[in-house]
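Source file upload20.pdb; content: PDB, C-alpha atoms and all ligand atoms.
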ATOM      1  CA  MET A 300       0.000   0.000   0.000  1.00  0.00           C
ATOM      2  CA  ARG A 301       1.376   3.392  -0.980  1.00  0.00           C
ATOM      3  CA  MET A 302       0.681   6.186   1.486  1.00  0.00           C
ATOM      4  CA  SER A 303      -0.449   9.581   0.280  1.00  0.00           C
ATOM      5  CA  LYS A 304       1.635  12.594   1.263  1.00  0.00           C
ATOM      6  CA  PHE A 305      -0.875  13.347   4.015  1.00  0.00           C
ATOM      7  CA  GLY A 306      -0.827   9.704   5.101  1.00  0.00           C
ATOM      8  CA  ALA A 307       2.922   9.947   5.551  1.00  0.00           C
ATOM      9  CA  ASN A 308       2.260  12.390   8.415  1.00  0.00           C
ATOM     10  CA  PHE A 309       0.989   9.457  10.488  1.00  0.00           C
ATOM     11  CA  ILE A 310       4.128   7.365  10.131  1.00  0.00           C
ATOM     12  CA  PRO A 311       6.714   7.940  12.846  1.00  0.00           C
ATOM     13  CA  ASP A 312      10.315   8.431  11.719  1.00  0.00           C
ATOM     14  CA  LYS A 313      11.399   5.926  14.346  1.00  0.00           C
ATOM     15  CA  VAL A 314       9.732   3.521  16.776  1.00  0.00           C
ATOM     16  CA  PHE A 315      11.235   2.589  20.146  1.00  0.00           C
ATOM     17  CA  ALA A 316       9.854   0.367  22.897  1.00  0.00           C
ATOM     18  CA  ASN A 317      10.605   2.991  25.547  1.00  0.00           C
ATOM     19  CA  ILE A 318      12.430   6.251  26.119  1.00  0.00           C
ATOM     20  CA  GLN A 319      15.430   4.499  27.682  1.00  0.00           C
ATOM     21  CA  ASP A 320      16.263   3.153  24.203  1.00  0.00           C
ATOM     22  CA  ILE A 321      16.681   6.713  22.921  1.00  0.00           C
ATOM     23  CA  THR A 322      20.314   7.605  23.540  1.00  0.00           C
ATOM     24  CA  PRO A 323      22.174  10.905  23.091  1.00  0.00           C
ATOM     25  CA  GLU A 324      24.599   9.149  20.707  1.00  0.00           C
ATOM     26  CA  TRP A 325      21.774   7.987  18.462  1.00  0.00           C
ATOM     27  CA  LEU A 326      20.072  11.411  18.508  1.00  0.00           C
ATOM     28  CA  LEU A 327      23.305  13.205  17.635  1.00  0.00           C
ATOM     29  CA  SER A 328      23.983  10.703  14.826  1.00  0.00           C
ATOM     30  CA  LYS A 329      20.613  11.755  13.364  1.00  0.00           C
ATOM     31  CA  GLY A 330      21.565  15.440  13.564  1.00  0.00           C
ATOM     32  CA  LEU A 331      19.115  16.061  16.419  1.00  0.00           C
ATOM     33  CA  ARG A 332      20.097  18.477  19.179  1.00  0.00           C
ATOM     34  CA  GLY A 333      16.873  18.799  21.126  1.00  0.00           C
ATOM     35  CA  LEU A 334      13.799  16.843  22.165  1.00  0.00           C
ATOM     36  CA  ALA A 335      10.193  17.832  22.741  1.00  0.00           C
ATOM     37  CA  VAL A 336       8.857  15.032  24.938  1.00  0.00           C
ATOM     38  CA  ASP A 337       5.230  14.163  25.688  1.00  0.00           C
ATOM     39  CA  LEU A 338       4.360  13.689  29.374  1.00  0.00           C
ATOM     40  CA  ASP A 339       1.417  11.317  29.928  1.00  0.00           C
ATOM     41  CA  ASN A 340       2.148   7.699  29.071  1.00  0.00           C
ATOM     42  CA  THR A 341       5.546   8.664  27.640  1.00  0.00           C
ATOM     43  CA  LEU A 342       7.454   9.965  30.690  1.00  0.00           C
ATOM     44  CA  ALA A 343       4.869   9.157  33.352  1.00  0.00           C
ATOM     45  CA  GLY A 344       1.785   7.069  33.914  1.00  0.00           C
ATOM     46  CA  TYR A 345      -1.482   8.927  34.406  1.00  0.00           C
ATOM     47  CA  GLY A 346      -1.650  10.299  37.924  1.00  0.00           C
ATOM     48  CA  GLN A 347       2.066   9.767  38.507  1.00  0.00           C
ATOM     49  CA  LYS A 348       3.046  13.132  39.899  1.00  0.00           C
ATOM     50  CA  ARG A 349       6.826  12.946  39.938  1.00  0.00           C
ATOM     51  CA  PRO A 350       9.413  11.486  37.549  1.00  0.00           C
ATOM     52  CA  THR A 351      10.922   8.077  38.346  1.00  0.00           C
ATOM     53  CA  PRO A 352      14.701   7.885  38.978  1.00  0.00           C
ATOM     54  CA  ASP A 353      15.055   6.337  35.489  1.00  0.00           C
ATOM     55  CA  VAL A 354      13.399   9.330  33.876  1.00  0.00           C
ATOM     56  CA  ILE A 355      15.525  11.778  35.896  1.00  0.00           C
ATOM     57  CA  LEU A 356      18.692   9.922  34.808  1.00  0.00           C
ATOM     58  CA  TRP A 357      17.563   9.809  31.173  1.00  0.00           C
ATOM     59  CA  ILE A 358      16.955  13.567  31.077  1.00  0.00           C
ATOM     60  CA  GLY A 359      20.281  14.096  32.865  1.00  0.00           C
ATOM     61  CA  ARG A 360      22.114  12.057  30.214  1.00  0.00           C
ATOM     62  CA  MET A 361      20.549  14.175  27.466  1.00  0.00           C
ATOM     63  CA  CYS A 362      21.602  17.413  29.132  1.00  0.00           C
ATOM     64  CA  GLU A 363      25.153  16.164  29.775  1.00  0.00           C
ATOM     65  CA  ALA A 364      25.475  15.415  26.061  1.00  0.00           C
ATOM     66  CA  GLY A 365      24.435  18.993  25.264  1.00  0.00           C
ATOM     67  CA  LEU A 366      20.937  18.054  24.099  1.00  0.00           C
ATOM     68  CA  ARG A 367      18.044  20.299  25.108  1.00  0.00           C
ATOM     69  CA  VAL A 368      14.776  18.915  26.402  1.00  0.00           C
ATOM     70  CA  VAL A 369      11.349  20.482  26.614  1.00  0.00           C
ATOM     71  CA  ILE A 370       8.149  18.783  27.737  1.00  0.00           C
ATOM     72  CA  ILE A 371       5.065  19.223  25.561  1.00  0.00           C
ATOM     73  CA  THR A 372       1.724  18.125  26.982  1.00  0.00           C
ATOM     74  CA  ASN A 373      -1.967  18.606  26.381  1.00  0.00           C
ATOM     75  CA  ASN A 374      -2.397  18.411  30.145  1.00  0.00           C
ATOM     76  CA  ALA A 375      -2.838  21.364  32.541  1.00  0.00           C
ATOM     77  CA  GLU A 376      -0.052  23.558  33.884  1.00  0.00           C
ATOM     78  CA  ASP A 377      -0.359  22.342  37.496  1.00  0.00           C
ATOM     79  CA  ARG A 378       0.309  18.787  36.394  1.00  0.00           C
ATOM     80  CA  VAL A 379       3.397  19.533  34.312  1.00  0.00           C
ATOM     81  CA  ARG A 380       4.824  22.157  36.687  1.00  0.00           C
ATOM     82  CA  GLN A 381       4.727  19.673  39.536  1.00  0.00           C
ATOM     83  CA  PHE A 382       6.296  16.969  37.368  1.00  0.00           C
ATOM     84  CA  CYS A 383       9.113  19.225  36.134  1.00  0.00           C
ATOM     85  CA  ALA A 384      10.037  20.764  39.513  1.00  0.00           C
ATOM     86  CA  GLY A 385      13.811  20.379  39.860  1.00  0.00           C
ATOM     87  CA  LEU A 386      14.286  19.081  36.308  1.00  0.00           C
ATOM     88  CA  PRO A 387      16.396  21.121  33.854  1.00  0.00           C
ATOM     89  CA  VAL A 388      13.544  21.377  31.365  1.00  0.00           C
ATOM     90  CA  ALA A 389      11.006  23.934  30.204  1.00  0.00           C
ATOM     91  CA  TYR A 390       7.486  22.897  29.277  1.00  0.00           C
ATOM     92  CA  VAL A 391       4.521  23.701  27.051  1.00  0.00           C
ATOM     93  CA  HIS A 392       1.187  22.931  28.734  1.00  0.00           C
ATOM     94  CA  ARG A 393      -2.258  22.714  27.084  1.00  0.00           C
ATOM     95  CA  ALA A 394      -0.351  22.260  23.820  1.00  0.00           C
ATOM     96  CA  ARG A 395      -3.488  21.096  21.964  1.00  0.00           C
ATOM     97  CA  LYS A 396      -1.537  18.505  19.996  1.00  0.00           C
ATOM     98  CA  PRO A 397      -1.894  17.723  17.094  1.00  0.00           C
ATOM     99  CA  PHE A 398      -2.447  21.427  16.326  1.00  0.00           C
ATOM    100  CA  LEU A 399       0.744  23.208  15.405  1.00  0.00           C
ATOM    101  CA  PRO A 400       1.122  26.238  17.743  1.00  0.00           C
ATOM    102  CA  GLY A 401       2.180  24.085  20.728  1.00  0.00           C
ATOM    103  CA  PHE A 402       4.908  22.427  18.684  1.00  0.00           C
ATOM    104  CA  LYS A 403       6.058  25.842  17.441  1.00  0.00           C
ATOM    105  CA  ARG A 404       6.286  27.066  21.032  1.00  0.00           C
ATOM    106  CA  ALA A 405       8.321  23.984  22.036  1.00  0.00           C
ATOM    107  CA  VAL A 406      10.755  24.579  19.165  1.00  0.00           C
ATOM    108  CA  GLU A 407      11.067  28.240  20.192  1.00  0.00           C
ATOM    109  CA  LEU A 408      11.843  27.227  23.790  1.00  0.00           C
ATOM    110  CA  LEU A 409      14.545  24.857  22.521  1.00  0.00           C
ATOM    111  CA  GLY A 410      16.035  27.615  20.353  1.00  0.00           C
ATOM    112  CA  LEU A 411      16.787  25.173  17.541  1.00  0.00           C
ATOM    113  CA  PRO A 412      15.720  24.822  13.906  1.00  0.00           C
ATOM    114  CA  PRO A 413      12.774  22.374  13.627  1.00  0.00           C
ATOM    115  CA  ASP A 414      14.811  19.804  11.692  1.00  0.00           C
ATOM    116  CA  GLN A 415      17.160  19.464  14.683  1.00  0.00           C
ATOM    117  CA  VAL A 416      14.290  18.665  17.053  1.00  0.00           C
ATOM    118  CA  GLY A 417      12.897  15.216  17.771  1.00  0.00           C
ATOM    119  CA  GLU A 418       9.415  14.785  19.215  1.00  0.00           C
ATOM    120  CA  VAL A 419       8.908  11.795  21.494  1.00  0.00           C
ATOM    121  CA  GLY A 420       5.383  10.613  22.220  1.00  0.00           C
ATOM    122  CA  ASP A 421       3.099   7.606  22.544  1.00  0.00           C
ATOM    123  CA  GLN A 422       0.236   8.613  20.217  1.00  0.00           C
ATOM    124  CA  ILE A 423       0.077   8.642  16.434  1.00  0.00           C
ATOM    125  CA  TYR A 424      -2.914  10.988  16.124  1.00  0.00           C
ATOM    126  CA  THR A 425      -1.513  13.682  18.417  1.00  0.00           C
ATOM    127  CA  ASP A 426       2.261  13.378  18.799  1.00  0.00           C
ATOM    128  CA  VAL A 427       3.304  11.911  15.459  1.00  0.00           C
ATOM    129  CA  LEU A 428       0.825  13.844  13.315  1.00  0.00           C
ATOM    130  CA  GLY A 429       1.673  17.226  14.884  1.00  0.00           C
ATOM    131  CA  ALA A 430       5.414  16.591  14.942  1.00  0.00           C
ATOM    132  CA  LYS A 431       5.575  15.569  11.300  1.00  0.00           C
ATOM    133  CA  ARG A 432       3.453  18.512  10.170  1.00  0.00           C
ATOM    134  CA  SER A 433       5.781  20.781  12.173  1.00  0.00           C
ATOM    135  CA  GLY A 434       8.879  19.433  10.415  1.00  0.00           C
ATOM    136  CA  LEU A 435      10.175  17.619  13.502  1.00  0.00           C
ATOM    137  CA  PHE A 436      11.672  14.117  13.635  1.00  0.00           C
ATOM    138  CA  SER A 437       8.955  11.950  15.112  1.00  0.00           C
ATOM    139  CA  ILE A 438       9.788   9.188  17.598  1.00  0.00           C
ATOM    140  CA  LEU A 439       6.972   6.902  18.775  1.00  0.00           C
ATOM    141  CA  VAL A 440       7.321   4.965  22.031  1.00  0.00           C
ATOM    142  CA  THR A 441       5.044   2.323  23.540  1.00  0.00           C
ATOM    143  CA  PRO A 442       2.600   3.873  26.033  1.00  0.00           C
ATOM    144  CA  LEU A 443       3.565   3.192  29.662  1.00  0.00           C
ATOM    145  CA  HIS A 444       0.068   2.279  30.819  1.00  0.00           C
ATOM    146  CA  LEU A 445      -3.464   1.572  29.640  1.00  0.00           C
ATOM    147  CA  LYS A 446      -2.483  -1.808  28.238  1.00  0.00           C
ATOM    148  CA  GLY A 447      -5.577  -4.021  28.161  1.00  0.00           C
ATOM    149  CA  HIS A 448      -7.848  -1.025  28.602  1.00  0.00           C
ATOM    150  CA  PHE A 449     -10.607  -0.978  25.974  1.00  0.00           C
ATOM    151  CA  PHE A 450      -9.913   2.487  24.583  1.00  0.00           C
ATOM    152  CA  PHE A 451      -6.217   1.786  24.495  1.00  0.00           C
ATOM    153  CA  SER A 452      -6.825  -1.384  22.485  1.00  0.00           C
ATOM    154  CA  LEU A 453      -9.065   0.508  20.090  1.00  0.00           C
ATOM    155  CA  ARG A 454      -6.515   3.290  19.704  1.00  0.00           C
ATOM    156  CA  ARG A 455      -3.698   0.835  19.105  1.00  0.00           C
ATOM    157  CA  LEU A 456      -5.814  -0.914  16.488  1.00  0.00           C
ATOM    158  CA  LEU A 457      -6.272   2.367  14.627  1.00  0.00           C
ATOM    159  CA  GLU A 458      -2.556   3.153  14.961  1.00  0.00           C
ATOM    160  CA  GLN A 459      -1.319  -0.273  13.886  1.00  0.00           C
ATOM    161  CA  PRO A 460      -1.114   0.265  10.089  1.00  0.00           C
ATOM    162  CA  PHE A 461       1.157   3.269  10.585  1.00  0.00           C
ATOM    163  CA  ILE A 462       3.349   1.550  13.179  1.00  0.00           C
ATOM    164  CA  ARG A 463       3.673  -1.474  10.898  1.00  0.00           C
ATOM    165  CA  LYS A 464       4.639   0.785   8.002  1.00  0.00           C
ATOM    166  CA  ALA A 465       7.405   2.412  10.064  1.00  0.00           C
ATOM    167  CA  LEU A 466       8.754  -0.936  11.275  1.00  0.00           C
ATOM    168  CA  GLN A 467       8.711  -2.385   7.721  1.00  0.00           C
ATOM    169  CA  ARG A 468      10.569   0.649   6.417  1.00  0.00           C
ATOM    170  CA  ASP A 469      13.250   0.351   9.103  1.00  0.00           C
ATOM    171  CA  ALA A 470      13.631  -3.402   8.531  1.00  0.00           C
ATOM    172  CA  CYS A 471      14.339  -2.715   4.845  1.00  0.00           C
ATOM    173  CA  ARG A 472      17.183  -0.302   5.561  1.00  0.00           C
TER     174      ARG A 472
HETATM  175 MG    MG B 501       0.887  10.710  25.756  1.00  0.00          MG
END

Output the file's structure as structure tokens, nothing else.
Ligand SMILES: [Mg+2]
Amino acid sequence: MRMSKFGANFIPDKVFANIQDITPEWLLSKGLRGLAVDLDNTLAGYGQKRPTPDVILWIGRMCEAGLRVVIITNNAEDRVRQFCAGLPVAYVHRARKPFLPGFKRAVELLGLPPDQVGEVGDQIYTDVLGAKRSGLFSILVTPLHLKGHFFFSLRRLLEQPFIRKALQRDACR
């Protein structure tokens, strides 16, 4: 199946099982110098107020390598402010992904050209779609929670053709 140009906006540039698999070395090898990272189900489970030690270390490794990180979430400011307290990151709240202004704001906060920014998120129809339309490198990760939940299963079903397409493409390289 050939995807239309618009259809291509739903295919992530890279798929990882989790954020820990995204390393500074790999990002730099792709010419990326900053990340806009989704919060819910990417960095934290729903209702998880503070980052885990793993997440703190991961962000620390990015910063040590000279990469910049900003958090981009559709969630409210209270939620993301509390999560980011003490972390060396700025944030965009109520980003209204997949609409473009939130992504633009994230890129501005990073102070980098869009093609040097990777967006990391767990949803095709918000994260991937908005990132690709904004000219960012889109990285899809497996959602942390909701596995087995009905709406999650439905969402994953709708996302599957695009995930499969990305994995097939990478297997052919
Ligand atoms: Mg999410």

Close residues, Gly410 of chain A itself excluded, 12 Å, all atoms listed in the file, min 6 positions apart in chain, as a PDB file with C-alpha atoms, in the frame of the given file:
ATOM      1  CA  ARG A 332      20.097  18.477  19.179  1.00  0.00           C
ATOM      2  CA  GLY A 333      16.873  18.799  21.126  1.00  0.00           C
ATOM      3  CA  LEU A 334      13.799  16.843  22.165  1.00  0.00           C
ATOM      4  CA  ALA A 335      10.193  17.832  22.741  1.00  0.00           C
ATOM      5  CA  LEU A 366      20.937  18.054  24.099  1.00  0.00           C
ATOM      6  CA  ARG A 367      18.044  20.299  25.108  1.00  0.00           C
ATOM      7  CA  VAL A 368      14.776  18.915  26.402  1.00  0.00           C
ATOM      8  CA  VAL A 369      11.349  20.482  26.614  1.00  0.00           C
ATOM      9  CA  ALA A 389      11.006  23.934  30.204  1.00  0.00           C
ATOM     10  CA  LYS A 403       6.058  25.842  17.441  1.00  0.00           C
ATOM     11  CA  ARG A 404       6.286  27.066  21.032  1.00  0.00           C
ATOM     12  CA  VAL A 416      14.290  18.665  17.053  1.00  0.00           C
TER      13      VAL A 416
END

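In this comparison, which uses only C-alpha atoms, the residue of A:Gly434, A:Pro460, A:Pro350, A:Gly417 approaching Leu331 of chain A most closely is A:Gly417.
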
Contacts of Glu324 of chain A at 12 Å or less, counting all atoms listed in the file, minus same-chain residues fewer than 3 places along, as a count of residues only? 14

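The closest residue to ligand MG 501 (chain B), picked from A:Gly359, A:Gly385, A:Gly429, A:Gly344 and counting all atoms listed in the file, is A:Gly344.
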
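Interatomic distance, atom CA of Leu428 of chain A against atom CA of Leu466 of chain A: 16.9 Å.
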
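The closest residue to ligand MG 501 (chain B), picked from A:Gln467, A:Asn308, A:Gln422, A:Ser433 and counting all atoms listed in the file, is A:Gln422.
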
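Using all atoms listed in the file, residues with at least one atom at most 6 Å away from any atom of ligand MG 501 (chain B) are Asp337, Leu338, Asp339, Asn340, Thr341, Gly420, Asp421 and Gln422 of chain A.
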
Written file, previous selection with C-alpha atoms, as an mmCIF file, in the frame of the given file:
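This went into out_32.cif:
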data_model
loop_
_atom_site.group_PDB
_atom_site.id
_atom_site.type_symbol
_atom_site.label_atom_id
_atom_site.label_comp_id
_atom_site.auth_asym_id
_atom_site.auth_seq_id
_atom_site.Cartn_x
_atom_site.Cartn_y
_atom_site.Cartn_z
ATOM 1 C CA ASP A 337 5.230 14.163 25.688
ATOM 2 C CA LEU A 338 4.360 13.689 29.374
ATOM 3 C CA ASP A 339 1.417 11.317 29.928
ATOM 4 C CA ASN A 340 2.148 7.699 29.071
ATOM 5 C CA THR A 341 5.546 8.664 27.640
ATOM 6 C CA GLY A 420 5.383 10.613 22.220
ATOM 7 C CA ASP A 421 3.099 7.606 22.544
ATOM 8 C CA GLN A 422 0.236 8.613 20.217
#

Name the residues that the PyMOL selection byres (((chain A and resi 309-314) around 7) and not hetatm) pulls out of this structure, and write them as a list in words. Gly306, Ala307, Asn308, Phe315, Ala316, Ile423, Val427, Leu428, Phe436, Ser437, Ile438, Leu439, Val440, Phe461, Ile462, Lys464 and Ala465 of chain A

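In this structure, atom CA of Leu356 of chain A sits 16.6 Å away from atom CA of Val419 of chain A.
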
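Put simply, atom CA of Lys396 of chain A is 22.3 Å away from atom CA of Arg349 of chain A.
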
With distances taken over all atoms listed in the file, the candidate from A:Leu457, A:Leu408, A:Arg393, A:Lys348 nearest Tyr424 of chain A is A:Leu457

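In terms of minimum interatomic distance to Pro397 of chain A, A:Arg432 ranks closest within A:Arg454, A:His448, A:Arg378, A:Arg432, counting all atoms listed in the file.
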
For segment 327-342 of chain A, take all atoms listed in the file, fit an axis-aligned box around them, add 5 Å to each of the six sides, then output centre and edge lengths in Å rounded to one decimal, as JSON.
{"center_x": 12.7, "center_y": 13.2, "center_z": 22.0, "size_x": 32.6, "size_y": 21.1, "size_z": 27.3}

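Distances here use only C-alpha atoms; by that measure, the residue among A:Leu435, A:Ile355, A:Cys471, A:Leu443 closest to Asn317 of chain A is A:Leu443.
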
Assuming the input is short of atoms at segment 374-387 of chain A, produce N, CA and C atoms for that part as a PDB file, in the coordinates of the input.
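Produced file selection_5.pdb, reproduced below:
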ATOM      1  N   ASN A 374      -1.896  18.333  28.776  1.00  0.00           N
ATOM      2  CA  ASN A 374      -2.397  18.411  30.145  1.00  0.00           C
ATOM      3  C   ASN A 374      -2.239  19.835  30.710  1.00  0.00           C
ATOM      4  N   ALA A 375      -2.799  20.037  31.911  1.00  0.00           N
ATOM      5  CA  ALA A 375      -2.838  21.364  32.541  1.00  0.00           C
ATOM      6  C   ALA A 375      -1.491  21.756  33.146  1.00  0.00           C
ATOM      7  N   GLU A 376      -1.341  23.054  33.385  1.00  0.00           N
ATOM      8  CA  GLU A 376      -0.052  23.558  33.884  1.00  0.00           C
ATOM      9  C   GLU A 376       0.311  22.993  35.255  1.00  0.00           C
ATOM     10  N   ASP A 377      -0.656  22.874  36.158  1.00  0.00           N
ATOM     11  CA  ASP A 377      -0.359  22.342  37.496  1.00  0.00           C
ATOM     12  C   ASP A 377       0.340  20.989  37.416  1.00  0.00           C
ATOM     13  N   ARG A 378      -0.208  20.146  36.580  1.00  0.00           N
ATOM     14  CA  ARG A 378       0.309  18.787  36.394  1.00  0.00           C
ATOM     15  C   ARG A 378       1.770  18.804  35.939  1.00  0.00           C
ATOM     16  N   VAL A 379       2.050  19.567  34.899  1.00  0.00           N
ATOM     17  CA  VAL A 379       3.397  19.533  34.312  1.00  0.00           C
ATOM     18  C   VAL A 379       4.397  20.325  35.167  1.00  0.00           C
ATOM     19  N   ARG A 380       3.932  21.377  35.817  1.00  0.00           N
ATOM     20  CA  ARG A 380       4.824  22.157  36.687  1.00  0.00           C
ATOM     21  C   ARG A 380       5.323  21.289  37.841  1.00  0.00           C
ATOM     22  N   GLN A 381       4.390  20.562  38.426  1.00  0.00           N
ATOM     23  CA  GLN A 381       4.727  19.673  39.536  1.00  0.00           C
ATOM     24  C   GLN A 381       5.700  18.575  39.075  1.00  0.00           C
ATOM     25  N   PHE A 382       5.450  18.043  37.887  1.00  0.00           N
ATOM     26  CA  PHE A 382       6.296  16.969  37.368  1.00  0.00           C
ATOM     27  C   PHE A 382       7.714  17.475  37.099  1.00  0.00           C
ATOM     28  N   CYS A 383       7.814  18.689  36.575  1.00  0.00           N
ATOM     29  CA  CYS A 383       9.113  19.225  36.134  1.00  0.00           C
ATOM     30  C   CYS A 383       9.925  19.877  37.253  1.00  0.00           C
ATOM     31  N   ALA A 384       9.337  20.062  38.436  1.00  0.00           N
ATOM     32  CA  ALA A 384      10.037  20.764  39.513  1.00  0.00           C
ATOM     33  C   ALA A 384      11.400  20.105  39.756  1.00  0.00           C
ATOM     34  N   GLY A 385      12.461  20.899  39.629  1.00  0.00           N
ATOM     35  CA  GLY A 385      13.811  20.379  39.860  1.00  0.00           C
ATOM     36  C   GLY A 385      14.456  19.774  38.622  1.00  0.00           C
ATOM     37  N   LEU A 386      13.703  19.600  37.556  1.00  0.00           N
ATOM     38  CA  LEU A 386      14.286  19.081  36.308  1.00  0.00           C
ATOM     39  C   LEU A 386      14.766  20.255  35.445  1.00  0.00           C
ATOM     40  N   PRO A 387      15.853  20.030  34.686  1.00  0.00           N
ATOM     41  CA  PRO A 387      16.396  21.121  33.854  1.00  0.00           C
ATOM     42  C   PRO A 387      15.652  21.239  32.521  1.00  0.00           C
TER      43      PRO A 387
END
